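Okay, structure first, notes after.
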Amino acid sequence: MTISELQQEILRVKRERGAYILAHVYQGQEILEIADATGDSYALAVQASRAEAERFIMCGVRFMAETVKLLNPNKKVYLANSEAGCPMADGLSYDRLKKAQERYPNAATVCYINTSAEVKTISDVCVTSSSAVEIIRKMPEKEILFVPDCNLGAYVQSQVPEKEFHLISGGCPIHAQITAEDVRAAKALHPKAVLAVHPECQPEVCELADYIGSTTGIMNYAKNCGENEVIIGTEISIVEHLQFERPDKRFYPLSKKLMCHNMKLTTLADVYGCLSGEAEEITLAPEVITTANRCIEKMIELG
């Protein structure tokens, strides 16, 4: 069976079963083409809450499927590949956060959306990479415990210097491995290109960028800026998606190291198997849903 034939079969079965496919933008193009909704983790959860379907398939990683479940507690949510996790989210446990809160008892806990549902139950507000600066500026608290990405936290701190930040070790190992030397090498190869990076990158990388923003922000900047060549400093699949959307421009990966293997685990065969009942359903205890949703509701209120 070819890619196109499998895609058509997925679309047929999806219609028969009334399923709704959610695909994070770090998925491959072949996955995005059969999805009902694409975007970042929070956008996908919101789109799911607005859809009439009762069954959702997440093509992404576990915390994303949990976020969809949190915002859609009465609907069935499935993770297309049960092994697709997130090292950043997995690196911050409930117990580790509790210990950090004990060290900084006066600080408000701000958790990045890339965290487990359990961690969200003891966080004051949830943020995305695009909303973190705005939300923290609006918070009345002057002391912030930002978890789990210390690089994103450092970027937000640079934008909100009037507040005191506490950061703990953790973050995205894919973005964090990029160095200033990688930037210089990429600029040497593409001297006419501007550089757009994700704030999960190290501060030394962000300092060399022409644009810093979320994945969606990077894509919008790359498509709409006046430059014809853009170096993309986030997950490498974004280069491919931009090439499809703007074939008149040139897009280059900042480094071939920028590949999330967890995101690459999901295949069309996984999606087809999920439609056939071969997938993990995401379940969360009612008390987890209630308490974790509080920090998400606070995010919506402030952002």
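Ordered as shown in the structure tokens, chains take letters A, B, and onward, while each chain numbers its residues from 1 and ligands are numbered from 1 in the order shown.
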key: Surrounding residues of Tyr112 in chain A excluding itself and chain neighbours under 2 positions, 6 Å, only C-alpha atoms, as a PyMOL selection string   = chain A and resi 114+126-128
ask   = Using only C-alpha atoms, which residues sit within 9 Å of range 193-208 of chain A once same-chain residues fewer than 5 positions away are excluded, as a ChimeraX atom specification?
value = /A:129,149-156,171-172,174-184,187,213-215,217-219,221-222,227-234,250-252,254
task = May I have all residues of range 41-272 of chain A that DSSP, computed from the backbone, assigns to helix (DSSP H, G or I), given as JSON, numbers by chain?
result = {"A": [41, 42, 43, 44, 45, 46, 47, 48, 49, 50, 62, 63, 64, 65, 66, 67, 68, 69, 70, 71, 87, 88, 89, 90, 94, 95, 96, 97, 98, 99, 100, 101, 102, 103, 117, 118, 119, 120, 132, 133, 134, 135, 136, 137, 138, 150, 151, 152, 153, 154, 155, 156, 157, 158, 159, 173, 174, 175, 176, 180, 181, 182, 183, 184, 185, 186, 187, 188, 189, 203, 204, 205, 206, 215, 216, 217, 218, 219, 220, 221, 222, 223, 224, 237, 238, 239, 240, 241, 242, 243, 244, 245, 263, 264, 265, 268, 269, 270, 271, 272]}
request  = Please identify all polymer residues within 8 Å of Gly91 in chain A, counting only C-alpha atoms, omitting same-chain residues fewer than 2 positions from it, and present them as a ChimeraX atom specification.
outcome  = /A:87-89,93,148,170-171
For the residues selected in the previous step, produce a file with N, CA and C atoms as a PDB file, in the first residue's frame.
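Contents of the output file selection_26.pdb:
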ATOM      1  N   PRO A  87      10.620  14.256  26.976  1.00  0.00           N
ATOM      2  CA  PRO A  87      11.643  14.277  28.024  1.00  0.00           C
ATOM      3  C   PRO A  87      11.506  15.470  28.963  1.00  0.00           C
ATOM      4  N   MET A  88      11.055  16.615  28.435  1.00  0.00           N
ATOM      5  CA  MET A  88      10.877  17.781  29.292  1.00  0.00           C
ATOM      6  C   MET A  88       9.785  17.525  30.326  1.00  0.00           C
ATOM      7  N   ALA A  89       8.633  17.057  29.850  1.00  0.00           N
ATOM      8  CA  ALA A  89       7.529  16.789  30.767  1.00  0.00           C
ATOM      9  C   ALA A  89       7.878  15.659  31.735  1.00  0.00           C
ATOM     10  N   SER A  93       8.707  15.692  37.933  1.00  0.00           N
ATOM     11  CA  SER A  93       7.686  14.902  38.622  1.00  0.00           C
ATOM     12  C   SER A  93       6.925  15.772  39.620  1.00  0.00           C
ATOM     13  N   PRO A 148       8.992  23.677  33.489  1.00  0.00           N
ATOM     14  CA  PRO A 148      10.269  23.021  33.802  1.00  0.00           C
ATOM     15  C   PRO A 148      11.424  23.505  32.930  1.00  0.00           C
ATOM     16  N   GLY A 170      16.116  21.742  33.831  1.00  0.00           N
ATOM     17  CA  GLY A 170      15.153  20.981  33.049  1.00  0.00           C
ATOM     18  C   GLY A 170      14.845  21.701  31.752  1.00  0.00           C
ATOM     19  N   GLY A 171      14.207  21.001  30.844  1.00  0.00           N
ATOM     20  CA  GLY A 171      13.836  21.630  29.589  1.00  0.00           C
ATOM     21  C   GLY A 171      13.866  20.661  28.428  1.00  0.00           C
TER      22      GLY A 171
END
message = Can you pull out the residues contacting Asp40 in chain A? Cut-off 8 Å, using only C-alpha atoms, and skip same-chain residues under 6 positions away; I want them as a PyMOL selection string.
response = chain A and resi 24-25+215-216
For those residues, write N, CA and C atoms to a file as a PDB file, in the first residue's frame.
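Printed below is part27.pdb as written:
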ATOM      1  N   HIS A  24       0.087  17.529  15.939  1.00  0.00           N
ATOM      2  CA  HIS A  24       1.014  18.614  16.284  1.00  0.00           C
ATOM      3  C   HIS A  24       1.888  18.929  15.078  1.00  0.00           C
ATOM      4  N   VAL A  25       2.294  20.187  14.965  1.00  0.00           N
ATOM      5  CA  VAL A  25       3.047  20.614  13.782  1.00  0.00           C
ATOM      6  C   VAL A  25       4.437  19.993  13.693  1.00  0.00           C
ATOM      7  N   THR A 215       6.623  28.012  18.118  1.00  0.00           N
ATOM      8  CA  THR A 215       6.659  27.343  16.814  1.00  0.00           C
ATOM      9  C   THR A 215       5.729  28.031  15.820  1.00  0.00           C
ATOM     10  N   THR A 216       4.503  28.339  16.272  1.00  0.00           N
ATOM     11  CA  THR A 216       3.555  29.040  15.401  1.00  0.00           C
ATOM     12  C   THR A 216       4.093  30.413  15.028  1.00  0.00           C
TER      13      THR A 216
END
query = Any idea what the distance is between CA of Leu97 in chain A and CA of Glu297 in chain A?
reply =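 Computing the Euclidean distance for CA of Leu97 in chain A and CA of Glu297 in chain A yields 20.2 Å.
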task = Excluding Thr67 in chain A and any residue of its chain fewer than 3 positions from it, enumerate the residues within 8 Å of it, using only C-alpha atoms, and give them as number ranges by chain.
result = A: 41-42, 45, 63-64, 70-71, 117
Export N, CA and C atoms of the chosen residues as a PDB file, in the first residue's frame?
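File written: result.pdb
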ATOM      1  N   SER A  41       0.278  22.384  21.051  1.00  0.00           N
ATOM      2  CA  SER A  41      -0.468  21.535  21.989  1.00  0.00           C
ATOM      3  C   SER A  41      -1.722  22.208  22.521  1.00  0.00           C
ATOM      4  N   TYR A  42      -1.620  23.488  22.893  1.00  0.00           N
ATOM      5  CA  TYR A  42      -2.791  24.160  23.438  1.00  0.00           C
ATOM      6  C   TYR A  42      -3.831  24.416  22.354  1.00  0.00           C
ATOM      7  N   ALA A  45      -5.879  21.346  21.784  1.00  0.00           N
ATOM      8  CA  ALA A  45      -6.847  21.084  22.844  1.00  0.00           C
ATOM      9  C   ALA A  45      -8.073  21.981  22.704  1.00  0.00           C
ATOM     10  N   PHE A  63       1.785  14.332  26.972  1.00  0.00           N
ATOM     11  CA  PHE A  63       1.227  15.474  27.686  1.00  0.00           C
ATOM     12  C   PHE A  63       0.215  16.224  26.823  1.00  0.00           C
ATOM     13  N   MET A  64       0.382  16.173  25.496  1.00  0.00           N
ATOM     14  CA  MET A  64      -0.574  16.822  24.600  1.00  0.00           C
ATOM     15  C   MET A  64      -1.926  16.125  24.639  1.00  0.00           C
ATOM     16  N   LEU A  70      -7.965  17.029  29.495  1.00  0.00           N
ATOM     17  CA  LEU A  70      -8.308  17.994  30.539  1.00  0.00           C
ATOM     18  C   LEU A  70      -9.394  18.960  30.079  1.00  0.00           C
ATOM     19  N   LEU A  71      -9.286  19.419  28.836  1.00  0.00           N
ATOM     20  CA  LEU A  71     -10.249  20.383  28.319  1.00  0.00           C
ATOM     21  C   LEU A  71     -11.482  19.723  27.731  1.00  0.00           C
ATOM     22  N   ALA A 117      -0.270  16.171  33.561  1.00  0.00           N
ATOM     23  CA  ALA A 117      -1.496  16.613  34.228  1.00  0.00           C
ATOM     24  C   ALA A 117      -1.278  16.660  35.737  1.00  0.00           C
TER      25      ALA A 117
END
key: Distance in Å - CA of Ile3 in chain A versus CA of Gly28 in chain A   =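 So the two atoms, CA of Ile3 in chain A and CA of Gly28 in chain A, lie 12.2 Å apart.
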Could you produce a table of the residues of range 51-73 of chain A lying within 10 Å of range 35-38 of chain A, with the nearest pair of atoms per residue and their separation in Å rounded to one decimal, using only C-alpha atoms, ordered by chain and increasing residue number, as a Markdown table?
| residue | atom | partner | partner_atom | distance |
| --- | --- | --- | --- | --- |
| A:Ala51 | CA | A:Asp36 | CA | 9.7 |
| A:Phe56 | CA | A:Asp36 | CA | 9.9 |
| A:Ile57 | CA | A:Ala35 | CA | 9.3 |
| A:Met58 | CA | A:Ala35 | CA | 9.5 |
| A:Cys59 | CA | A:Ala35 | CA | 8.7 |
Convert the current residue selection to file output with C-alpha atoms, as a compact mmCIF listing (two decimals), in the first residue's frame.
# COMPACT_ATOMS: atom_id res chain seq x y z
CA ALA A 51 -15.36 20.06 17.60
CA PHE A 56 -10.08 12.18 19.28
CA ILE A 57 -6.77 10.75 18.12
CA MET A 58 -3.67 12.69 19.16
CA CYS A 59 -0.70 12.50 16.82
Enumerate, in order of chain and increasing residue number, the residues of range 53-95 of chain A with an atom no farther than 8 Å from range 270-287 of chain A, each with its shortest atom pair and distance in Å to one decimal, counting only C-alpha atoms, as JSON lines.
{"residue": "A:Ile57", "atom": "CA", "partner": "A:Cys274", "partner_atom": "CA", "distance": 7.4}
{"residue": "A:Cys59", "atom": "CA", "partner": "A:Val271", "partner_atom": "CA", "distance": 7.7}
{"residue": "A:Ala65", "atom": "CA", "partner": "A:Ile282", "partner_atom": "CA", "distance": 7.0}
{"residue": "A:Glu66", "atom": "CA", "partner": "A:Ile282", "partner_atom": "CA", "distance": 6.7}
{"residue": "A:Lys69", "atom": "CA", "partner": "A:Ile282", "partner_atom": "CA", "distance": 7.1}
{"residue": "A:Lys76", "atom": "CA", "partner": "A:Glu281", "partner_atom": "CA", "distance": 7.0}
{"residue": "A:Val77", "atom": "CA", "partner": "A:Ile282", "partner_atom": "CA", "distance": 5.6}
{"residue": "A:Tyr78", "atom": "CA", "partner": "A:Glu281", "partner_atom": "CA", "distance": 4.4}
{"residue": "A:Leu79", "atom": "CA", "partner": "A:Glu280", "partner_atom": "CA", "distance": 5.8}
{"residue": "A:Ala80", "atom": "CA", "partner": "A:Val271", "partner_atom": "CA", "distance": 5.6}
{"residue": "A:Asn81", "atom": "CA", "partner": "A:Asp270", "partner_atom": "CA", "distance": 6.3}
{"residue": "A:Ser82", "atom": "CA", "partner": "A:Glu280", "partner_atom": "CA", "distance": 6.2}
request  = Would you mind telling me which residue in A:Val125, A:Val61, A:Ala23, A:Ile34 lies nearest to Leu6 in chain A when using only C-alpha atoms?
outcome  =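 Among the listed residues, the smallest separation from Leu6 in chain A belongs to A:Ile34.
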query = If you count only C-alpha atoms, which residues fall within 10 Å of Ile236 in chain A, apart from same-chain ones fewer than 4 positions away, as a ChimeraX atom specification?
reply = /A:26-28,232,240-241,252-260
inquiry  = Report, in Å with one decimal, the straight-line distance from CA of Gly18 in chain A to CA of Arg62 in chain A.
reply    =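 Between these atoms lies a distance of 22.1 Å.
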message = Residues near Ile136 in chain A, anyone? I mean within 9 Å using only C-alpha atoms, not counting same-chain ones fewer than 3 positions away, as number ranges by chain.
response = A: 110, 127, 131-133, 139-141, 144, 156, 160, 163, 302
Prev. selection, N, CA and C atoms, output as a compact mmCIF listing (two decimals), in the first residue's frame:
# COMPACT_ATOMS: atom_id res chain seq x y z
N VAL A 110 4.48 28.79 38.04
CA VAL A 110 4.07 28.91 36.64
C VAL A 110 4.61 27.70 35.90
N VAL A 127 1.23 28.17 31.14
CA VAL A 127 1.55 29.10 30.05
C VAL A 127 2.04 28.33 28.83
N SER A 131 2.51 32.77 25.22
CA SER A 131 1.74 33.57 26.18
C SER A 131 2.47 33.84 27.49
N ALA A 132 3.61 33.21 27.72
CA ALA A 132 4.27 33.26 29.03
C ALA A 132 4.60 34.69 29.46
N VAL A 133 5.17 35.48 28.57
CA VAL A 133 5.57 36.84 28.93
C VAL A 133 4.36 37.67 29.31
N MET A 139 0.39 38.89 36.21
CA MET A 139 0.23 38.26 37.52
C MET A 139 0.59 39.24 38.63
N PRO A 140 -0.18 39.28 39.72
CA PRO A 140 0.15 40.21 40.82
C PRO A 140 1.39 39.79 41.61
N GLU A 141 1.70 38.49 41.58
CA GLU A 141 2.85 38.01 42.35
C GLU A 141 4.17 38.55 41.77
N ILE A 144 8.36 34.37 41.08
CA ILE A 144 7.87 33.34 40.17
C ILE A 144 8.77 32.11 40.21
N VAL A 156 11.88 34.46 29.39
CA VAL A 156 10.78 35.22 29.99
C VAL A 156 11.32 36.20 31.04
N VAL A 160 10.72 40.21 31.49
CA VAL A 160 9.98 40.69 32.68
C VAL A 160 10.98 40.87 33.82
N LYS A 163 10.37 41.19 37.89
CA LYS A 163 9.98 40.12 38.79
C LYS A 163 11.17 39.21 39.10
N LEU A 302 -5.85 35.16 32.05
CA LEU A 302 -4.79 36.17 31.95
C LEU A 302 -4.27 36.36 30.53
